[in-house]
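Student: One structure coming up, written as structure tokens, with questions to follow.
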Amino acid sequence: MAYVLYLKKGEERRLLAGHAWVYANEVARIEGKDKNGALAEVRAHDGRFIGRGYINHLSKILVRIFLRSEAEEEAAALERRIRAAVSLRKTLYGEENDCCRLIFAEADDLPALIVDRYGDVLVCELLSLGMDKRRELIADILERVCAPRGIYLRGDAPVRRKEGLPLENGVLRGEVPDTVVVHENGLAMEVDVKRGQKTGYFLDQKENRLAVRRYCRGARVLDCFCNSGGFSLNAAAVAKEVTAVDISPLALEQVRANAARNGFTNIRTVCADAFEQLRAFRAAGESFDCVILDPPAFCKSAAEVPGAYRGYKDVNILGMKLVRPGGFLVTCSCSHYMTMPLFEKMLRESARDCGRRAKILDVRVQAPDHPALLAADETSYLKAYFLQIE
């Protein structure tokens with residue numbers, strides 16, 4: 001008999017609104033028995049059907065609800081959801097698009113499944129035991145729907161360990177080259193799908209990288225935490241010069257390769273810790289027309305927020321001090337725990353503490369191929385503030 005979970009009284013409200021996660025402390029009792037990764041039925045305290053999802057007693061998230069109807073069949077629902085997610089991206093970007101997030105997990109009703117398109121290659125993350133057990137079924141569907149040259153598994157995300165899964169990368173289907181050249185905002189970008197961060201590239205900032213160009217015309221630009229150069233190259237398309245800073249030699253190698261690919265000679269790279277380099281620029285009396293800060297997530301849990309707040313404040317004070325009067329600061333956070341009100345509070349304090357007056361010119365979020373589910377705060381995570389610093 002499959003697992004049937006009965007929730008504590010009142011715990012169904014969040015799930016009925018569309019959230020997918022069931023935590024162990026929300027469950028009153030469990031009936032039946034099955035293997036971890038199997039489909040489990042979730043019911044309200046009074047027996048009402050809530051949904052079915054993949055169960056894993058090793059995970060903090062006990063069940064990830066996937067099916068909302070008792071009549072839904074698993075394989076058919078998987079294919080229907082995948083087709084709907086791909087169709088949305090075609091609507092957003094057109095048939096000719098060659099890089100985007102095709103499937104964004106819970107936001108596309110496919111919990112713990114990430115699929116990104118880079119040209120004719122798909123890169124897949126299976127972030128739960130339930131999805132990992134269905135990797136061949138998912139690959140079959142992706143081949144039918146997308147006809148890719150190859151499908152690559154990026155299984156090196158630490159969250160897999162919390163699901164009892166090994167960290168592993170490898171080809172799921174077809175042929176996958178080490179790198180793929182895609183096109184973003186009119187630029188050719190080489191993406192390292194096997195060694196690059198996440199699935200190879202940060203697609204969620206695509207439209208924000210285009211937006212940065214209006215602040216970089218003829219400018220002297222500093223891009224910190226530049227990774228493989230998304231912001232740097234978009235800035236270089238209109239800037240006088242760009243200094244790209246990152247601690248990773250591999251990332252800077254990609255910046256230089258992508259600059260050459262696009263014929264840019266106005267980008268220089270600096271391999272250094274961004275915090276230390278910002279202080280070094282300040283000590284040397286440097287200033288810039290535009291400073292871009294796109295650091296990795298400083299907090300991945302609620303307990304880390306106080307330390308992350310201090311880190312964001314430190315780097316933003318350093319950044320503000322390097323902006324010439326009347327210049328611009330583009331500053332980002334990719335942690336959903338650092339909420340927009342909290343991030344804005346930090347920026348207000350940073351401006352006050354370094355004696356600069358700041359104006360908000362634009363506030364942006366993740367690209368629409370990374371939709372945010374209103375019922376799940378966790379899917380809304382990226383914020384980018386465009387400020388003028390006086």
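Going through the structure tokens in order, the chains are called A, B, and so on, while each chain numbers its residues from 1 and the ligands are numbered from 1 in the order shown.
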Just want the 12 Å neighbourhood of A:Gln254, counted on only C-alpha atoms, with same-chain residues fewer than 6 positions away dropped. Output as a VMD selection string.

Tutor: chain A and resid 179 to 181 188 to 192 195 to 197 200 to 201 226 to 230 232 to 233 244 246 248 260 to 261 269

Student: Hey, can you spit out that residue selection with C-alpha atoms as a PDB file, in the first residue's frame?

Tutor:
```
ATOM      1  CA  THR A 179      31.103  24.313 -24.456  1.00  0.00           C
ATOM      2  CA  VAL A 180      28.211  25.721 -26.475  1.00  0.00           C
ATOM      3  CA  VAL A 181      27.998  29.144 -28.135  1.00  0.00           C
ATOM      4  CA  ALA A 188      27.743  35.527 -28.819  1.00  0.00           C
ATOM      5  CA  MET A 189      28.500  33.831 -25.495  1.00  0.00           C
ATOM      6  CA  GLU A 190      30.406  30.599 -24.974  1.00  0.00           C
ATOM      7  CA  VAL A 191      28.875  28.574 -22.141  1.00  0.00           C
ATOM      8  CA  ASP A 192      30.798  25.841 -20.342  1.00  0.00           C
ATOM      9  CA  ARG A 195      32.296  23.119 -15.573  1.00  0.00           C
ATOM     10  CA  GLY A 196      30.493  26.467 -15.420  1.00  0.00           C
ATOM     11  CA  GLN A 197      28.479  27.662 -12.440  1.00  0.00           C
ATOM     12  CA  GLY A 200      26.792  26.766 -17.138  1.00  0.00           C
ATOM     13  CA  TYR A 201      25.441  30.317 -17.138  1.00  0.00           C
ATOM     14  CA  CYS A 226      31.657  39.034 -13.050  1.00  0.00           C
ATOM     15  CA  ASN A 227      31.607  35.240 -13.507  1.00  0.00           C
ATOM     16  CA  SER A 228      31.785  34.454 -17.249  1.00  0.00           C
ATOM     17  CA  GLY A 229      31.119  38.059 -18.220  1.00  0.00           C
ATOM     18  CA  GLY A 230      27.398  38.513 -18.856  1.00  0.00           C
ATOM     19  CA  SER A 232      30.760  42.875 -18.569  1.00  0.00           C
ATOM     20  CA  LEU A 233      30.046  42.121 -22.220  1.00  0.00           C
ATOM     21  CA  ALA A 244      35.864  42.638 -14.850  1.00  0.00           C
ATOM     22  CA  ASP A 246      36.303  37.632 -10.247  1.00  0.00           C
ATOM     23  CA  SER A 248      37.882  32.375 -10.537  1.00  0.00           C
ATOM     24  CA  ALA A 260      37.428  38.215 -28.351  1.00  0.00           C
ATOM     25  CA  ARG A 261      34.481  36.381 -29.892  1.00  0.00           C
ATOM     26  CA  THR A 269      40.147  41.229 -16.257  1.00  0.00           C
TER      27      THR A 269
END
```

Student: Residues near A:Phe328, anyone? I mean within 12 Å using only C-alpha atoms, not counting same-chain ones fewer than 2 positions away, as a count of residues only.

Tutor: 41

Student: Report as a short mmCIF file (atom, residue, chain, number, x, y, z; two decimals) with N, CA and C atoms, in the first residue's frame all protein, DNA and RNA residues lying within 12 Å of A:Ala105, evaluated on only C-alpha atoms, omitting residues in the same chain fewer than 5 positions from it.

Tutor:
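Result file out-v8.cif:
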```cif
data_model
loop_
_atom_site.label_atom_id
_atom_site.label_comp_id
_atom_site.auth_asym_id
_atom_site.auth_seq_id
_atom_site.Cartn_x
_atom_site.Cartn_y
_atom_site.Cartn_z
N HIS A 19 1.27 25.92 -3.15
CA HIS A 19 2.62 25.54 -2.72
C HIS A 19 2.76 24.02 -2.82
N ALA A 20 3.99 23.56 -3.07
CA ALA A 20 4.20 22.13 -3.33
C ALA A 20 4.83 21.36 -2.17
N TRP A 21 5.37 22.05 -1.17
CA TRP A 21 6.20 21.38 -0.17
C TRP A 21 5.40 21.01 1.07
N ARG A 64 6.99 16.49 -2.07
CA ARG A 64 6.85 17.58 -3.04
C ARG A 64 5.65 17.24 -3.91
N ILE A 65 4.55 17.95 -3.70
CA ILE A 65 3.31 17.64 -4.41
C ILE A 65 3.46 17.95 -5.89
N PHE A 66 3.03 16.99 -6.70
CA PHE A 66 3.18 17.09 -8.14
C PHE A 66 1.83 16.97 -8.85
N LEU A 78 3.63 14.48 -16.37
CA LEU A 78 4.98 14.96 -16.59
C LEU A 78 5.13 15.53 -18.01
N ARG A 81 3.12 18.84 -18.45
CA ARG A 81 3.76 19.98 -17.79
C ARG A 81 5.01 20.44 -18.55
N ILE A 82 5.79 19.47 -19.01
CA ILE A 82 7.00 19.82 -19.76
C ILE A 82 6.63 20.54 -21.06
N ALA A 85 5.59 24.11 -20.23
CA ALA A 85 6.72 24.96 -19.88
C ALA A 85 7.49 25.39 -21.13
N LEU A 110 6.68 21.41 -11.71
CA LEU A 110 7.58 20.26 -11.85
C LEU A 110 8.63 20.35 -10.74
N PRO A 111 8.21 20.10 -9.49
CA PRO A 111 9.10 20.32 -8.35
C PRO A 111 10.46 19.65 -8.49
N ALA A 112 11.51 20.46 -8.24
CA ALA A 112 12.90 19.99 -8.19
C ALA A 112 13.47 19.61 -9.55
N LEU A 113 12.81 20.02 -10.63
CA LEU A 113 13.33 19.76 -11.97
C LEU A 113 13.71 21.08 -12.64
N ILE A 114 14.99 21.21 -13.01
CA ILE A 114 15.49 22.38 -13.74
C ILE A 114 15.99 21.91 -15.10
N VAL A 115 15.59 22.61 -16.16
CA VAL A 115 16.13 22.32 -17.49
C VAL A 115 16.44 23.64 -18.18
N ASP A 116 17.69 23.80 -18.63
CA ASP A 116 18.11 24.99 -19.37
C ASP A 116 18.48 24.61 -20.79
N CYS A 124 20.25 19.57 -17.45
CA CYS A 124 19.18 19.19 -16.53
C CYS A 124 19.73 19.06 -15.11
N GLU A 125 18.96 19.58 -14.13
CA GLU A 125 19.25 19.35 -12.72
C GLU A 125 18.07 18.60 -12.12
N LEU A 126 18.35 17.48 -11.45
CA LEU A 126 17.34 16.67 -10.77
C LEU A 126 17.61 16.80 -9.27
N LEU A 127 16.85 17.66 -8.60
CA LEU A 127 17.20 18.09 -7.26
C LEU A 127 16.41 17.40 -6.15
N SER A 128 15.67 16.34 -6.52
CA SER A 128 15.00 15.54 -5.50
C SER A 128 15.14 14.07 -5.88
N MET A 131 12.46 12.98 -8.57
CA MET A 131 12.78 13.35 -9.95
C MET A 131 13.97 12.54 -10.46
N ASP A 369 11.55 33.73 -17.94
CA ASP A 369 11.69 32.28 -18.07
C ASP A 369 12.02 31.64 -16.72
N HIS A 370 12.12 32.48 -15.67
CA HIS A 370 12.24 32.03 -14.29
C HIS A 370 11.02 32.57 -13.52
N PRO A 371 9.82 32.11 -13.87
CA PRO A 371 8.62 32.69 -13.26
C PRO A 371 8.58 32.47 -11.75
N ALA A 372 7.94 33.39 -11.05
CA ALA A 372 7.78 33.30 -9.59
C ALA A 372 6.33 32.94 -9.28
N LEU A 373 6.16 31.89 -8.52
CA LEU A 373 4.83 31.43 -8.14
C LEU A 373 4.37 32.24 -6.93
N ALA A 376 4.41 30.58 -3.63
CA ALA A 376 5.68 30.05 -3.11
C ALA A 376 6.73 31.15 -3.12
N GLU A 378 9.65 31.14 -2.22
CA GLU A 378 10.98 30.66 -2.57
C GLU A 378 11.30 30.84 -4.04
N THR A 379 10.28 30.92 -4.89
CA THR A 379 10.52 31.05 -6.34
C THR A 379 10.79 32.49 -6.74
#
```

Student: Considering only C-alpha atoms, return as number ranges by chain whatever protein or nucleic-acid residues lie within 12 Å of A:Glu31, sequence-local ones (same chain, fewer than 4 positions apart) excluded.

Tutor: A: 1-7, 27, 40-43

Student: Could the residues in this selection be written to a file with N, CA and C atoms, as a PDB file, in the first residue's frame?

Tutor:
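Writing done, so here's again-v5.pdb:
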```pdb
ATOM      1  N   MET A   1       0.842  -1.194   0.000  1.00  0.00           N
ATOM      2  CA  MET A   1       0.000   0.000   0.000  1.00  0.00           C
ATOM      3  C   MET A   1       0.877   1.243   0.000  1.00  0.00           C
ATOM      4  N   ALA A   2       0.596   2.173  -0.877  1.00  0.00           N
ATOM      5  CA  ALA A   2       1.374   3.411  -0.952  1.00  0.00           C
ATOM      6  C   ALA A   2       1.150   4.264   0.289  1.00  0.00           C
ATOM      7  N   TYR A   3       2.081   5.167   0.518  1.00  0.00           N
ATOM      8  CA  TYR A   3       1.954   6.096   1.637  1.00  0.00           C
ATOM      9  C   TYR A   3       0.719   6.989   1.469  1.00  0.00           C
ATOM     10  N   VAL A   4       0.008   7.202   2.580  1.00  0.00           N
ATOM     11  CA  VAL A   4      -1.041   8.217   2.646  1.00  0.00           C
ATOM     12  C   VAL A   4      -0.737   9.075   3.866  1.00  0.00           C
ATOM     13  N   LEU A   5      -0.529  10.376   3.635  1.00  0.00           N
ATOM     14  CA  LEU A   5      -0.189  11.297   4.720  1.00  0.00           C
ATOM     15  C   LEU A   5      -1.408  12.141   5.060  1.00  0.00           C
ATOM     16  N   TYR A   6      -1.711  12.225   6.353  1.00  0.00           N
ATOM     17  CA  TYR A   6      -2.791  13.088   6.825  1.00  0.00           C
ATOM     18  C   TYR A   6      -2.171  14.283   7.551  1.00  0.00           C
ATOM     19  N   LEU A   7      -2.534  15.464   7.099  1.00  0.00           N
ATOM     20  CA  LEU A   7      -1.957  16.679   7.652  1.00  0.00           C
ATOM     21  C   LEU A   7      -2.596  17.044   8.984  1.00  0.00           C
ATOM     22  N   VAL A  27       2.633  17.002   9.345  1.00  0.00           N
ATOM     23  CA  VAL A  27       1.915  15.745   9.152  1.00  0.00           C
ATOM     24  C   VAL A  27       1.477  15.163  10.497  1.00  0.00           C
ATOM     25  N   ALA A  40       3.367   9.568  -3.033  1.00  0.00           N
ATOM     26  CA  ALA A  40       2.600   9.478  -1.790  1.00  0.00           C
ATOM     27  C   ALA A  40       1.376  10.377  -1.900  1.00  0.00           C
ATOM     28  N   GLU A  41       0.307   9.953  -1.280  1.00  0.00           N
ATOM     29  CA  GLU A  41      -0.935  10.725  -1.301  1.00  0.00           C
ATOM     30  C   GLU A  41      -0.989  11.625  -0.070  1.00  0.00           C
ATOM     31  N   VAL A  42      -1.398  12.860  -0.263  1.00  0.00           N
ATOM     32  CA  VAL A  42      -1.494  13.819   0.834  1.00  0.00           C
ATOM     33  C   VAL A  42      -2.961  14.215   1.009  1.00  0.00           C
ATOM     34  N   ARG A  43      -3.444  14.095   2.235  1.00  0.00           N
ATOM     35  CA  ARG A  43      -4.829  14.451   2.537  1.00  0.00           C
ATOM     36  C   ARG A  43      -4.883  15.407   3.725  1.00  0.00           C
TER      37      ARG A  43
END
```

Student: Report as JSON, numbers by chain all protein, DNA and RNA residues lying within 6 Å of stretch 55-58 of chain A, evaluated on only C-alpha atoms, omitting residues in the same chain fewer than 2 positions from it.

Tutor: {"A": [36, 37, 38, 40, 62, 63, 163]}

Student: Could those selected residues go to a file with C-alpha atoms, as a short mmCIF file (atom, residue, chain, number, x, y, z; two decimals), in the first residue's frame?

Tutor:
```
data_model
loop_
_atom_site.label_atom_id
_atom_site.label_comp_id
_atom_site.auth_asym_id
_atom_site.auth_seq_id
_atom_site.Cartn_x
_atom_site.Cartn_y
_atom_site.Cartn_z
CA ASN A 36 11.55 6.73 -0.72
CA GLY A 37 11.01 8.50 -4.04
CA ALA A 38 7.61 6.89 -4.60
CA ALA A 40 2.60 9.48 -1.79
CA LEU A 62 8.95 15.21 3.18
CA VAL A 63 6.73 15.39 0.07
CA GLU A 163 18.05 14.11 -0.69
#
```

Student: Please run DSSP on the backbone and report, as a ChimeraX atom specification, all residues within stretch 75-120 of chain A that come out as strand (DSSP E or B).

Tutor: /A:99-104,113-118

Student: Taking into account only C-alpha atoms, which residue in the set A:Gly218, A:Gly311, A:Gly130, A:Gly174 is nearest to A:Arg160?

Tutor: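 The closest residue to A:Arg160 is A:Gly130.
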
Student: List as a PDB file with N, CA and C atoms, in the first residue's frame the protein and nucleic acid residues near A:Arg173, meaning an atom at most 10 Å away when only C-alpha atoms are counted, but skip any in the same chain fewer than 3 places from it.

Tutor:
```
ATOM      1  N   VAL A 121      21.637  21.893 -26.974  1.00  0.00           N
ATOM      2  CA  VAL A 121      21.943  21.072 -25.804  1.00  0.00           C
ATOM      3  C   VAL A 121      21.032  21.476 -24.647  1.00  0.00           C
ATOM      4  N   LEU A 122      20.509  20.480 -23.938  1.00  0.00           N
ATOM      5  CA  LEU A 122      19.746  20.735 -22.722  1.00  0.00           C
ATOM      6  C   LEU A 122      20.589  20.326 -21.517  1.00  0.00           C
ATOM      7  N   GLU A 136      15.159   8.792 -16.637  1.00  0.00           N
ATOM      8  CA  GLU A 136      15.027   8.237 -17.986  1.00  0.00           C
ATOM      9  C   GLU A 136      13.698   8.638 -18.611  1.00  0.00           C
ATOM     10  N   ALA A 139      14.057  12.261 -19.589  1.00  0.00           N
ATOM     11  CA  ALA A 139      14.895  12.370 -20.788  1.00  0.00           C
ATOM     12  C   ALA A 139      14.117  11.953 -22.037  1.00  0.00           C
ATOM     13  N   ASP A 140      13.317  10.902 -21.931  1.00  0.00           N
ATOM     14  CA  ASP A 140      12.482  10.477 -23.069  1.00  0.00           C
ATOM     15  C   ASP A 140      11.558  11.608 -23.516  1.00  0.00           C
ATOM     16  N   LEU A 142      11.832  14.884 -22.913  1.00  0.00           N
ATOM     17  CA  LEU A 142      12.592  16.020 -23.443  1.00  0.00           C
ATOM     18  C   LEU A 142      13.050  15.756 -24.874  1.00  0.00           C
ATOM     19  N   GLU A 143      13.416  14.529 -25.166  1.00  0.00           N
ATOM     20  CA  GLU A 143      13.806  14.204 -26.542  1.00  0.00           C
ATOM     21  C   GLU A 143      12.624  14.345 -27.495  1.00  0.00           C
ATOM     22  N   PRO A 148      16.752  17.562 -28.760  1.00  0.00           N
ATOM     23  CA  PRO A 148      18.094  18.131 -28.575  1.00  0.00           C
ATOM     24  C   PRO A 148      19.186  17.246 -29.150  1.00  0.00           C
ATOM     25  N   ARG A 149      20.333  17.851 -29.380  1.00  0.00           N
ATOM     26  CA  ARG A 149      21.522  17.081 -29.772  1.00  0.00           C
ATOM     27  C   ARG A 149      21.974  16.196 -28.617  1.00  0.00           C
ATOM     28  N   GLY A 150      21.837  16.734 -27.404  1.00  0.00           N
ATOM     29  CA  GLY A 150      22.234  15.973 -26.227  1.00  0.00           C
ATOM     30  C   GLY A 150      21.606  16.552 -24.977  1.00  0.00           C
ATOM     31  N   ILE A 151      21.570  15.752 -23.919  1.00  0.00           N
ATOM     32  CA  ILE A 151      21.063  16.185 -22.612  1.00  0.00           C
ATOM     33  C   ILE A 151      22.144  15.881 -21.587  1.00  0.00           C
ATOM     34  N   TYR A 152      22.529  16.892 -20.829  1.00  0.00           N
ATOM     35  CA  TYR A 152      23.598  16.744 -19.839  1.00  0.00           C
ATOM     36  C   TYR A 152      23.028  16.895 -18.445  1.00  0.00           C
ATOM     37  N   LEU A 153      23.421  16.018 -17.541  1.00  0.00           N
ATOM     38  CA  LEU A 153      23.004  16.100 -16.137  1.00  0.00           C
ATOM     39  C   LEU A 153      24.051  16.854 -15.343  1.00  0.00           C
ATOM     40  N   GLY A 170      27.146  14.099 -15.889  1.00  0.00           N
ATOM     41  CA  GLY A 170      27.345  13.169 -16.992  1.00  0.00           C
ATOM     42  C   GLY A 170      26.314  13.334 -18.082  1.00  0.00           C
ATOM     43  N   VAL A 176      27.171  15.725 -26.039  1.00  0.00           N
ATOM     44  CA  VAL A 176      27.241  17.025 -25.374  1.00  0.00           C
ATOM     45  C   VAL A 176      28.681  17.533 -25.422  1.00  0.00           C
TER      46      VAL A 176
END
```

Student: Please provide as a ChimeraX atom specification all residues within 12 Å of stretch 339-342 of chain A, with the sequence filter that same-chain residues fewer than 6 positions apart are discarded (counting only C-alpha atoms).

Tutor: /A:299,302,305-306,308-310,312-313,332-333,348-349,363-365,377-385

Student: List every residue of stretch 13-209 of chain A that DSSP, applied to the backbone of this structure, places in helix (DSSP H, G or I), and write the result as an NGL selection string.

Tutor: :A and (13-16 or 24-26 or 74-93 or 105-108 or 129-133 or 135-146 or 159-162 or 203-209)

Student: So which one's closest to A:Asn262, A:Ile247, A:Ile317, A:Ala236, A:Gln277? Using only C-alpha atoms, please.

Tutor: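 Closest residue, counting only C-alpha atoms: A:Ala236.
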
Student: Do you have the atom CA of A:Glu96-atom CA of A:Cys334 distance handy?

Tutor: 28.0 Å

Student: Quote the spacing between atom CA of A:Glu207 and atom CA of A:Gly18 in Å to one decimal place.

Tutor: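 Answer for the atom CA of A:Glu207 to atom CA of A:Gly18 separation: 27.3 Å.
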
Student: Would you mind reading off the distance between atom CA of A:Ala272 and atom CA of A:Ala239, one decimal, in Å?

Tutor: 22.4 Å

Student: Select, from A:Asp108, A:Glu12, A:Asp294, A:Asp34, the residue with the minimum atom-to-atom distance to A:Gly51, counting only C-alpha atoms.

Tutor: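 Residue with the minimum atom-to-atom distance to A:Gly51: A:Glu12.
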